[in-house]
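**Q** Below you'll find my_file.csv; it's CSV, C-alpha atoms.
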```csv
chain,number,residue,atom,x,y,z
A,1,MET,CA,94.6,120.4,-38.5
A,2,MET,CA,94.6,123.1,-35.8
A,3,SER,CA,92.2,122.8,-32.9
A,4,ALA,CA,89.5,125.4,-32.4
A,5,SER,CA,91.0,126.6,-29.1
A,6,LEU,CA,94.4,127.1,-30.7
A,7,VAL,CA,93.0,129.1,-33.5
A,8,HIS,CA,91.0,131.3,-31.1
A,9,ALA,CA,94.2,131.8,-29.0
A,10,GLN,CA,96.1,132.9,-32.0
A,11,ASP,CA,93.3,135.3,-33.2
A,12,THR,CA,93.5,137.2,-29.9
A,13,SER,CA,97.3,137.4,-29.7
A,14,THR,CA,99.9,137.1,-32.4
A,15,TYR,CA,97.6,136.8,-35.4
A,16,ALA,CA,94.7,138.9,-34.3
A,17,GLY,CA,91.9,139.1,-37.0
A,18,ILE,CA,93.5,136.5,-39.2
A,19,GLY,CA,91.8,133.2,-40.1
A,20,ARG,CA,88.8,131.4,-38.7
A,21,VAL,CA,87.9,128.0,-37.4
A,22,ALA,CA,87.4,125.5,-40.1
A,23,THR,CA,83.8,124.4,-40.5
A,24,PRO,CA,82.9,120.7,-40.0
A,25,ALA,CA,82.2,120.4,-43.8
A,26,GLU,CA,85.7,121.8,-44.6
A,27,VAL,CA,87.4,119.4,-42.2
A,28,ALA,CA,85.4,116.5,-43.6
A,29,ALA,CA,86.5,117.3,-47.2
A,30,TRP,CA,90.1,116.9,-46.2
A,31,ASP,CA,89.8,114.2,-43.6
A,32,ILE,CA,89.7,111.3,-46.1
A,33,ASP,CA,92.8,109.3,-45.0
A,34,VAL,CA,92.4,105.6,-44.3
A,35,ARG,CA,94.5,104.0,-41.5
A,36,PRO,CA,95.9,100.5,-41.5
A,37,ASP,CA,93.2,99.7,-38.9
A,38,PHE,CA,90.7,100.9,-41.5
A,39,LYS,CA,89.5,103.9,-39.5
A,40,GLY,CA,88.3,106.5,-42.0
A,41,LEU,CA,87.4,103.9,-44.6
A,42,PRO,CA,84.2,105.0,-46.3
A,43,LYS,CA,81.3,102.7,-46.9
A,44,GLY,CA,81.0,101.3,-50.4
A,45,SER,CA,81.9,98.4,-52.7
A,46,GLY,CA,83.2,97.7,-56.2
A,47,THR,CA,83.9,94.6,-58.3
A,48,ALA,CA,87.1,93.7,-60.1
A,49,ASP,CA,85.2,93.8,-63.4
A,50,GLN,CA,84.1,97.4,-62.8
A,51,GLY,CA,87.7,98.1,-61.8
A,52,GLN,CA,89.0,96.8,-65.1
A,53,GLN,CA,86.8,99.2,-67.0
A,54,LEU,CA,87.9,102.1,-64.9
A,55,TRP,CA,91.5,101.0,-65.2
A,56,ASP,CA,91.4,100.9,-69.0
A,57,ALA,CA,89.9,104.3,-69.1
A,58,LYS,CA,91.9,106.1,-66.5
A,59,CYS,CA,95.0,104.2,-65.4
A,60,ALA,CA,96.3,102.0,-68.2
A,61,SER,CA,98.0,104.9,-70.1
A,62,CYS,CA,100.5,105.2,-67.2
A,63,HIS,CA,100.5,101.7,-65.7
A,64,GLY,CA,99.8,99.4,-68.6
A,65,THR,CA,96.7,97.2,-69.3
A,66,PHE,CA,97.7,94.6,-66.7
A,67,GLY,CA,99.6,96.9,-64.3
A,68,GLU,CA,103.0,95.5,-65.4
A,69,SER,CA,104.1,98.4,-67.6
A,70,ASN,CA,107.4,100.1,-66.9
A,71,GLU,CA,107.0,102.7,-69.7
A,72,VAL,CA,105.9,105.6,-67.5
A,73,PHE,CA,105.9,104.4,-63.9
A,74,THR,CA,107.3,101.4,-62.2
A,75,PRO,CA,105.0,98.3,-62.3
A,76,ILE,CA,102.2,97.8,-59.8
A,77,VAL,CA,101.7,94.1,-60.3
A,78,GLY,CA,104.3,91.2,-60.4
A,79,GLY,CA,107.0,89.5,-58.4
A,80,THR,CA,104.6,87.9,-55.8
A,81,THR,CA,103.7,84.2,-55.5
A,82,ALA,CA,101.1,82.0,-53.8
A,83,LYS,CA,103.8,81.2,-51.2
A,84,ASP,CA,104.2,84.9,-50.4
A,85,ILE,CA,100.5,85.2,-49.8
A,86,GLU,CA,100.7,82.3,-47.4
A,87,THR,CA,103.7,83.6,-45.5
A,88,GLY,CA,103.1,87.3,-45.7
A,89,ARG,CA,106.7,88.0,-46.8
A,90,VAL,CA,107.7,88.5,-50.4
A,91,ALA,CA,110.7,86.3,-51.1
A,92,SER,CA,111.8,88.1,-54.3
A,93,LEU,CA,112.5,91.3,-52.4
A,94,THR,CA,115.8,89.8,-51.3
A,95,ASP,CA,116.5,88.1,-54.6
A,96,PRO,CA,119.3,89.9,-56.5
A,97,ASN,CA,117.9,88.6,-59.8
A,98,GLN,CA,114.5,90.3,-59.3
A,99,PRO,CA,114.6,93.0,-62.0
A,100,GLN,CA,112.0,95.3,-60.5
A,101,ARG,CA,110.3,95.9,-57.2
A,102,THR,CA,106.6,96.3,-57.8
A,103,THR,CA,103.9,98.0,-55.6
A,104,LEU,CA,102.4,94.7,-54.6
A,105,MET,CA,105.8,93.3,-53.6
A,106,LYS,CA,106.4,96.2,-51.2
A,107,VAL,CA,103.1,97.5,-49.8
A,108,PRO,CA,102.2,95.7,-46.5
A,109,THR,CA,98.6,97.0,-46.0
A,110,VAL,CA,95.7,97.1,-48.4
A,111,SER,CA,94.5,100.3,-46.8
A,112,THR,CA,97.6,102.0,-48.3
A,113,LEU,CA,96.4,101.1,-51.8
A,114,TYR,CA,92.9,102.4,-51.1
A,115,ASP,CA,94.1,105.6,-49.4
A,116,TYR,CA,96.6,106.6,-52.1
A,117,ILE,CA,94.3,105.8,-55.1
A,118,TYR,CA,91.4,107.7,-53.4
A,119,ARG,CA,93.5,110.8,-52.6
A,120,ALA,CA,95.9,111.1,-55.5
A,121,MET,CA,94.7,109.2,-58.6
A,122,PRO,CA,94.3,109.6,-61.6
A,123,TRP,CA,97.5,111.5,-61.9
A,124,ASN,CA,95.9,114.1,-64.2
A,125,ALA,CA,92.7,114.4,-62.1
A,126,PRO,CA,93.2,113.5,-58.4
A,127,ARG,CA,90.1,113.3,-56.1
A,128,THR,CA,87.8,112.5,-59.0
A,129,LEU,CA,87.2,108.9,-58.1
A,130,SER,CA,84.3,107.9,-55.9
A,131,ALA,CA,84.6,105.5,-52.9
A,132,ASP,CA,83.0,102.8,-55.1
A,133,ASP,CA,85.3,103.5,-57.9
A,134,THR,CA,88.3,103.1,-55.6
A,135,TYR,CA,87.0,99.8,-54.2
A,136,ALA,CA,86.7,98.6,-57.7
A,137,LEU,CA,90.2,99.6,-58.8
A,138,VAL,CA,91.8,98.1,-55.7
A,139,ALA,CA,89.8,94.9,-56.3
A,140,TYR,CA,91.1,94.8,-59.9
A,141,ILE,CA,94.7,95.3,-58.8
A,142,LEU,CA,94.4,92.6,-56.2
A,143,ALA,CA,92.9,90.2,-58.8
A,144,LEU,CA,95.8,90.9,-61.1
A,145,GLY,CA,98.1,89.9,-58.3
A,146,GLU,CA,96.0,86.7,-57.7
A,147,ILE,CA,95.3,87.9,-54.2
A,148,VAL,CA,91.6,87.7,-54.7
A,149,PRO,CA,89.5,85.9,-57.4
A,150,GLU,CA,88.7,87.6,-60.7
A,151,ASP,CA,85.0,88.0,-59.8
A,152,PHE,CA,85.7,89.4,-56.4
A,153,THR,CA,83.7,92.3,-54.9
A,154,LEU,CA,85.7,94.4,-52.4
A,155,SER,CA,83.9,96.4,-49.8
A,156,ASP,CA,84.3,98.1,-46.4
A,157,GLN,CA,82.8,94.9,-44.9
A,158,ASN,CA,85.4,92.4,-46.2
A,159,ILE,CA,88.6,94.5,-46.7
A,160,ALA,CA,89.9,93.5,-43.3
A,161,GLN,CA,89.8,89.8,-44.4
A,162,VAL,CA,91.7,90.8,-47.6
A,163,GLN,CA,94.4,92.3,-45.5
A,164,SER,CA,95.2,88.7,-44.3
A,165,ARG,CA,96.2,87.8,-47.9
A,166,MET,CA,98.5,90.8,-48.6
A,167,PRO,CA,101.8,89.2,-49.9
A,168,ASN,CA,104.1,91.5,-47.8
A,169,ARG,CA,101.9,92.0,-44.7
A,170,ASN,CA,104.6,90.6,-42.5
A,171,GLY,CA,107.5,92.3,-44.4
A,172,MET,CA,107.5,95.6,-42.6
A,173,THR,CA,108.0,96.6,-39.0
A,174,THR,CA,107.9,99.8,-37.0
A,175,GLN,CA,109.8,98.4,-34.0
A,176,HIS,CA,113.0,100.3,-34.7
A,177,GLY,CA,114.3,103.7,-35.8
A,178,LEU,CA,115.4,104.7,-39.2
A,179,TRP,CA,119.0,103.8,-38.4
A,180,LEU,CA,120.6,101.7,-35.7
A,181,ALA,CA,123.6,103.0,-33.8
A,182,SER,CA,125.2,100.6,-31.3
A,183,GLY,CA,122.0,98.7,-31.1
A,184,LYS,CA,119.9,101.8,-30.4
A,185,PRO,CA,117.6,103.6,-32.9
A,186,ASP,CA,118.6,107.1,-33.9
A,187,VAL,CA,115.4,108.5,-32.5
A,188,ASN,CA,117.1,108.4,-29.1
A,189,ALA,CA,119.6,111.0,-30.1
A,190,THR,CA,119.8,114.4,-28.2
A,191,ALA,CA,118.8,117.4,-30.2
A,192,CYS,CA,121.3,120.3,-30.5
A,193,MET,CA,119.9,123.3,-28.6
A,194,SER,CA,122.9,125.7,-28.7
A,195,ASN,CA,124.7,127.5,-31.4
A,196,CYS,CA,122.2,126.1,-33.9
A,197,VAL,CA,122.4,127.1,-37.6
A,198,THR,CA,119.6,129.6,-38.3
A,199,GLU,CA,119.6,129.3,-42.1
A,200,ILE,CA,120.7,126.7,-44.6
A,201,LYS,CA,121.1,127.5,-48.3
A,202,ILE,CA,121.3,124.5,-50.6
A,203,THR,CA,123.1,125.2,-53.9
A,204,SER,CA,124.9,123.2,-56.6
A,205,SER,CA,127.2,124.1,-59.4
A,206,LEU,CA,129.0,122.4,-62.3
A,207,PRO,CA,132.6,123.5,-62.8
A,208,ASP,CA,133.5,124.7,-66.3
A,209,PHE,CA,136.0,122.0,-66.8
A,210,ALA,CA,133.4,119.3,-66.1
A,211,ARG,CA,130.5,121.0,-67.8
A,212,ASN,CA,130.4,118.7,-70.8
A,213,ALA,CA,132.7,116.0,-69.6
A,214,HIS,CA,130.1,113.3,-70.1
A,215,GLU,CA,128.3,114.9,-73.0
A,216,ASN,CA,124.9,116.6,-72.8
A,217,LEU,CA,123.2,115.8,-69.5
A,218,ALA,CA,119.8,116.9,-70.8
A,219,GLU,CA,119.8,114.0,-73.3
A,220,GLN,CA,120.5,111.4,-70.6
A,221,ASN,CA,117.2,111.8,-68.7
A,222,ARG,CA,114.6,109.1,-68.1
A,223,ILE,CA,111.5,110.0,-70.2
A,224,PHE,CA,109.4,110.6,-67.1
A,225,GLY,CA,109.5,112.5,-63.9
A,226,PRO,CA,109.8,116.2,-63.0
A,227,TYR,CA,113.6,116.6,-62.9
A,228,ARG,CA,115.5,117.5,-66.0
A,229,GLY,CA,119.2,117.4,-66.6
A,230,ILE,CA,120.9,120.7,-67.5
A,231,ASP,CA,121.9,121.3,-71.1
A,232,SER,CA,125.6,121.1,-70.4
A,233,THR,CA,126.5,122.1,-74.0
A,234,LYS,CA,125.3,125.7,-73.2
A,235,PRO,CA,126.9,128.3,-71.0
A,236,PRO,CA,125.6,128.5,-67.4
A,237,LEU,CA,122.5,130.6,-66.8
A,238,ASN,CA,123.1,134.0,-65.2
A,239,ALA,CA,120.0,133.6,-63.1
A,240,LEU,CA,117.7,130.8,-62.0
A,241,PRO,CA,114.6,130.1,-64.1
A,242,GLY,CA,111.7,132.4,-63.3
A,243,GLN,CA,109.0,134.4,-65.1
A,244,GLY,CA,109.6,134.4,-68.8
A,245,TYR,CA,112.1,131.6,-68.6
A,246,VAL,CA,110.7,129.6,-71.4
A,247,THR,CA,110.5,132.5,-73.9
A,248,LYS,CA,114.0,133.7,-72.9
A,249,ILE,CA,115.7,130.3,-73.2
A,250,SER,CA,113.8,129.4,-76.4
A,251,SER,CA,115.0,132.7,-77.9
A,252,GLN,CA,118.6,131.9,-76.8
A,253,LEU,CA,118.5,128.4,-78.3
A,254,ALA,CA,116.9,129.6,-81.5
A,255,SER,CA,119.5,132.4,-81.9
A,256,ALA,CA,122.4,130.0,-81.3
A,257,SER,CA,121.1,127.6,-83.9
A,258,GLY,CA,120.1,130.2,-86.5
A,259,GLN,CA,116.4,129.5,-86.2
A,260,VAL,CA,113.6,131.9,-85.8
A,261,ALA,CA,113.0,132.7,-82.1
A,262,VAL,CA,109.7,131.6,-80.5
A,263,THR,CA,107.2,134.4,-80.6
A,264,LYS,CA,106.6,136.1,-77.2
A,265,PRO,CA,102.9,136.1,-76.3
A,266,SER,CA,101.0,139.3,-76.4
A,267,SER,CA,99.2,138.7,-73.1
A,268,THR,CA,100.1,140.8,-70.1
A,269,ALA,CA,102.5,139.6,-67.4
A,270,SER,CA,99.5,139.0,-65.0
A,271,ASP,CA,97.7,136.9,-67.7
A,272,SER,CA,100.8,134.9,-68.3
A,273,ALA,CA,101.3,134.3,-64.6
A,274,ALA,CA,97.7,133.2,-64.2
A,275,LEU,CA,98.0,130.7,-67.1
A,276,GLN,CA,101.3,129.4,-65.7
A,277,GLN,CA,99.4,128.7,-62.4
A,278,ALA,CA,96.6,127.0,-64.3
A,279,PHE,CA,99.3,124.9,-66.1
A,280,THR,CA,100.6,123.7,-62.8
A,281,LYS,CA,97.2,123.4,-61.1
A,282,ASN,CA,96.0,121.0,-63.8
A,283,ASN,CA,99.1,118.9,-63.6
A,284,CYS,CA,100.3,119.8,-67.1
A,285,ALA,CA,103.8,120.4,-65.8
A,286,ALA,CA,104.0,116.8,-64.7
A,287,CYS,CA,104.4,115.7,-68.4
A,288,HIS,CA,105.5,118.9,-70.2
A,289,ALA,CA,108.7,120.7,-69.1
A,290,ALA,CA,110.0,124.0,-70.5
A,291,THR,CA,112.6,122.9,-72.9
A,292,ALA,CA,113.4,119.3,-72.1
A,293,LYS,CA,111.4,116.2,-73.2
A,294,GLY,CA,109.5,114.5,-70.3
A,295,VAL,CA,106.6,112.1,-70.4
A,296,GLY,CA,105.3,114.4,-73.2
A,297,PRO,CA,107.0,117.0,-75.5
A,298,SER,CA,108.5,120.2,-74.1
A,299,ILE,CA,106.6,123.5,-74.4
A,300,ALA,CA,109.3,124.8,-76.8
A,301,ASP,CA,109.0,121.7,-79.0
A,302,VAL,CA,105.2,122.1,-79.2
A,303,ALA,CA,105.6,125.8,-80.2
A,304,LYS,CA,108.2,124.9,-82.8
A,305,LYS,CA,106.3,122.0,-84.4
A,306,TYR,CA,103.0,123.9,-84.8
A,307,LYS,CA,104.5,127.4,-85.5
A,308,ASP,CA,102.2,129.4,-87.9
A,309,GLN,CA,99.6,126.5,-88.1
A,310,ASP,CA,96.0,126.8,-87.2
A,311,VAL,CA,95.8,123.9,-84.8
A,312,LEU,CA,94.2,125.4,-81.7
A,313,ALA,CA,90.9,123.6,-82.0
A,314,LYS,CA,92.7,120.3,-82.9
A,315,LEU,CA,95.1,120.4,-80.0
A,316,SER,CA,92.3,121.5,-77.6
A,317,ALA,CA,90.2,118.5,-78.5
A,318,LYS,CA,93.2,116.2,-78.0
A,319,VAL,CA,93.8,117.6,-74.5
A,320,LYS,CA,90.1,117.2,-73.7
A,321,ASN,CA,89.7,113.7,-75.1
A,322,GLY,CA,93.2,112.3,-74.9
A,323,GLY,CA,95.2,110.7,-77.8
A,324,ALA,CA,98.5,109.4,-78.9
A,325,GLY,CA,100.8,109.1,-82.0
A,326,ALA,CA,102.1,112.6,-82.6
A,327,TRP,CA,104.9,112.4,-80.0
A,328,GLY,CA,105.6,108.7,-79.5
A,329,ALA,CA,103.9,105.7,-78.0
A,330,ILE,CA,102.9,107.2,-74.6
A,331,PRO,CA,99.4,108.5,-74.8
A,332,MET,CA,98.0,111.8,-73.4
A,333,PRO,CA,95.3,110.9,-70.9
A,334,PRO,CA,91.9,112.8,-71.3
A,335,HIS,CA,91.2,115.9,-69.2
A,336,PRO,CA,87.4,116.1,-69.1
A,337,GLN,CA,87.5,118.0,-65.7
A,338,ILE,CA,89.1,121.1,-67.3
A,339,PRO,CA,86.6,123.7,-68.8
A,340,ASP,CA,86.9,124.0,-72.6
A,341,ALA,CA,87.7,127.7,-72.4
A,342,GLU,CA,90.6,127.1,-70.0
A,343,ILE,CA,92.0,124.3,-72.2
A,344,SER,CA,91.9,126.7,-75.2
A,345,GLN,CA,93.8,129.3,-73.2
A,346,LEU,CA,96.4,126.8,-72.0
A,347,VAL,CA,97.0,125.4,-75.5
A,348,LYS,CA,97.3,128.9,-77.0
A,349,TRP,CA,99.8,129.7,-74.2
A,350,MET,CA,101.9,126.7,-75.1
A,351,LEU,CA,101.8,127.4,-78.8
A,352,THR,CA,103.3,130.8,-78.2
A,353,GLY,CA,106.1,129.3,-76.2
A,354,SER,CA,104.4,130.3,-72.9
```
Go through the file and emit its structure as structure tokens.

**A**
Amino acid sequence: MMSASLVHAQDTSTYAGIGRVATPAEVAAWDIDVRPDFKGLPKGSGTADQGQQLWDAKCASCHGTFGESNEVFTPIVGGTTAKDIETGRVASLTDPNQPQRTTLMKVPTVSTLYDYIYRAMPWNAPRTLSADDTYALVAYILALGEIVPEDFTLSDQNIAQVQSRMPNRNGMTTQHGLWLASGKPDVNATACMSNCVTEIKITSSLPDFARNAHENLAEQNRIFGPYRGIDSTKPPLNALPGQGYVTKISSQLASASGQVAVTKPSSTASDSAALQQAFTKNNCAACHAATAKGVGPSIADVAKKYKDQDVLAKLSAKVKNGGAGAWGAIPMPPHPQIPDAEISQLVKWMLTGS
């Protein structure tokens, strides 16, 4: 956050007339981080029982009922023991037979759990949890890890005491650089200040002879995450994906397979761009990619499955209330924070192949 003096200095020189000093309320709205010394921690409390109810409603679809699911995201709970709580170092972190490193195995500070959940969860509706909700959820996670009792109430008054029971509290140190060279941390290196590169372009390519050497990369993805493998059975794209990419690629794929191409929406380019921004803003893109399956079905698959069907109201209700079964075992979480009219527009945008 810029200081007021710096902003004023810029206003009168390089950036004259641009910007203003943030108000105290605007600063407070963003200043919600919680440090390991618990500075910034809001007042409040929550029970593990309340946390379980919130967990089942907002978290279990991605993390499993008991935080041990590996279906969408890596497990949060597991791999820690009573001995780890006593020593503050998780022994299984160095065990080659440990199949999965969970959150409670790695995180050294309870403030990290609180801070991340408060700022970024639920995945589909970040910043919708109150301080009390967050205390309750952290209490439930800690109870699942047997760090606190099942009837525990976590609050700003006792969270420091809970820190003394974190399984990996002694398992992390900041007394070194990222890498050690001849016994010295890399942060002692001397920065290059002459003949410096002014621009770096990062590119990648797949040679024609290797394009399908290991079969279709698009079919070898994990079923979650934002990055998709390229369809290596198809020729390279002439240009990187941009506006109209989904409709263009869907048409190409349909033409190649003899199917009817996805209908192009009748909305203007500005309307389509606005809906694409809303799609990203509401985190829809985290589960639905353009043409490849992710956590949920691709936009092209949705358009193909429901082509010429009157399902706008049905799918809009599913987005609003959540549901499962049509595309596999992973459920769609509810999105009550999105206005009904916006949901309807987004669903219609997907049904036309965006």

**Q** Out of A:Ser272, A:Gln52, A:Ser61, A:Gln98, which residue has the shortest atom-to-atom distance to Leu142 of chain A when counting only C-alpha atoms?

**A**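 Smallest distance to Leu142 of chain A is found for A:Gln52.
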
**Q** Go through segment 112-205 of chain A residue by residue and, counting all atoms listed in the file, keep those with an atom at most 10 Å from segment 86-92 of chain A; for each kept residue give the shortest atom pair and its distance in Å to one decimal, ordered by chain and increasing number, as a Markdown table.

**A**
```
| residue | atom | partner | partner_atom | distance |
| --- | --- | --- | --- | --- |
| A:Ser164 | CA | A:Gly88 | CA | 8.1 |
| A:Arg165 | CA | A:Glu86 | CA | 7.1 |
| A:Met166 | CA | A:Gly88 | CA | 6.5 |
| A:Pro167 | CA | A:Gly88 | CA | 4.8 |
| A:Asn168 | CA | A:Arg89 | CA | 4.5 |
| A:Arg169 | CA | A:Gly88 | CA | 5.0 |
| A:Asn170 | CA | A:Gly88 | CA | 4.8 |
| A:Gly171 | CA | A:Arg89 | CA | 5.0 |
| A:Met172 | CA | A:Arg89 | CA | 8.7 |
```

**Q** If you count only C-alpha atoms, which residues fall within 12 Å of segment 327-340 of chain A, apart from same-chain ones fewer than 3 positions away, as a VMD selection string?

**A** chain A and resid 56 to 64 69 to 73 122 to 129 223 to 224 278 to 279 281 to 284 286 to 288 293 to 298 301 to 302 305 312 to 313 315 to 324 343 to 347

**Q** For atom CA of Met350 of chain A and atom CA of Ala292 of chain A, determine how far apart the two atoms are, in Å to one decimal place.

**A** 14.0 Å

**Q** List as an mmCIF file with C-alpha atoms, keeping the file's coordinate frame the protein and nucleic acid residues near Gln163 of chain A, meaning an atom at most 9 Å away when only C-alpha atoms are counted, but skip any in the same chain fewer than 3 places from it.

**A**
```
data_model
loop_
_atom_site.group_PDB
_atom_site.id
_atom_site.type_symbol
_atom_site.label_atom_id
_atom_site.label_comp_id
_atom_site.auth_asym_id
_atom_site.auth_seq_id
_atom_site.Cartn_x
_atom_site.Cartn_y
_atom_site.Cartn_z
ATOM 1 C CA PRO A 108 102.200 95.700 -46.500
ATOM 2 C CA THR A 109 98.600 97.000 -46.000
ATOM 3 C CA VAL A 110 95.700 97.100 -48.400
ATOM 4 C CA SER A 111 94.500 100.300 -46.800
ATOM 5 C CA ILE A 159 88.600 94.500 -46.700
ATOM 6 C CA ALA A 160 89.900 93.500 -43.300
ATOM 7 C CA MET A 166 98.500 90.800 -48.600
ATOM 8 C CA ARG A 169 101.900 92.000 -44.700
#
```

**Q** Report the distance between atom CA of Glu150 of chain A and atom CA of Ala82 of chain A in Å, rounded to one decimal place.

**A**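 Rounded to one decimal, the two atoms are 15.3 Å apart.
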
**Q** Between atom CA of Pro36 of chain A and atom CA of Lys106 of chain A, what is the spacing in Å?

**A** 14.9 Å

**Q** Neighbourhood query: residues within 12 Å of (89.7, 113.3, -46.0), file coordinates, counting all atoms listed in the file; return as a ChimeraX atom specification.

**A** /A:1,24-35,39-42,115-116,118-120,127,131
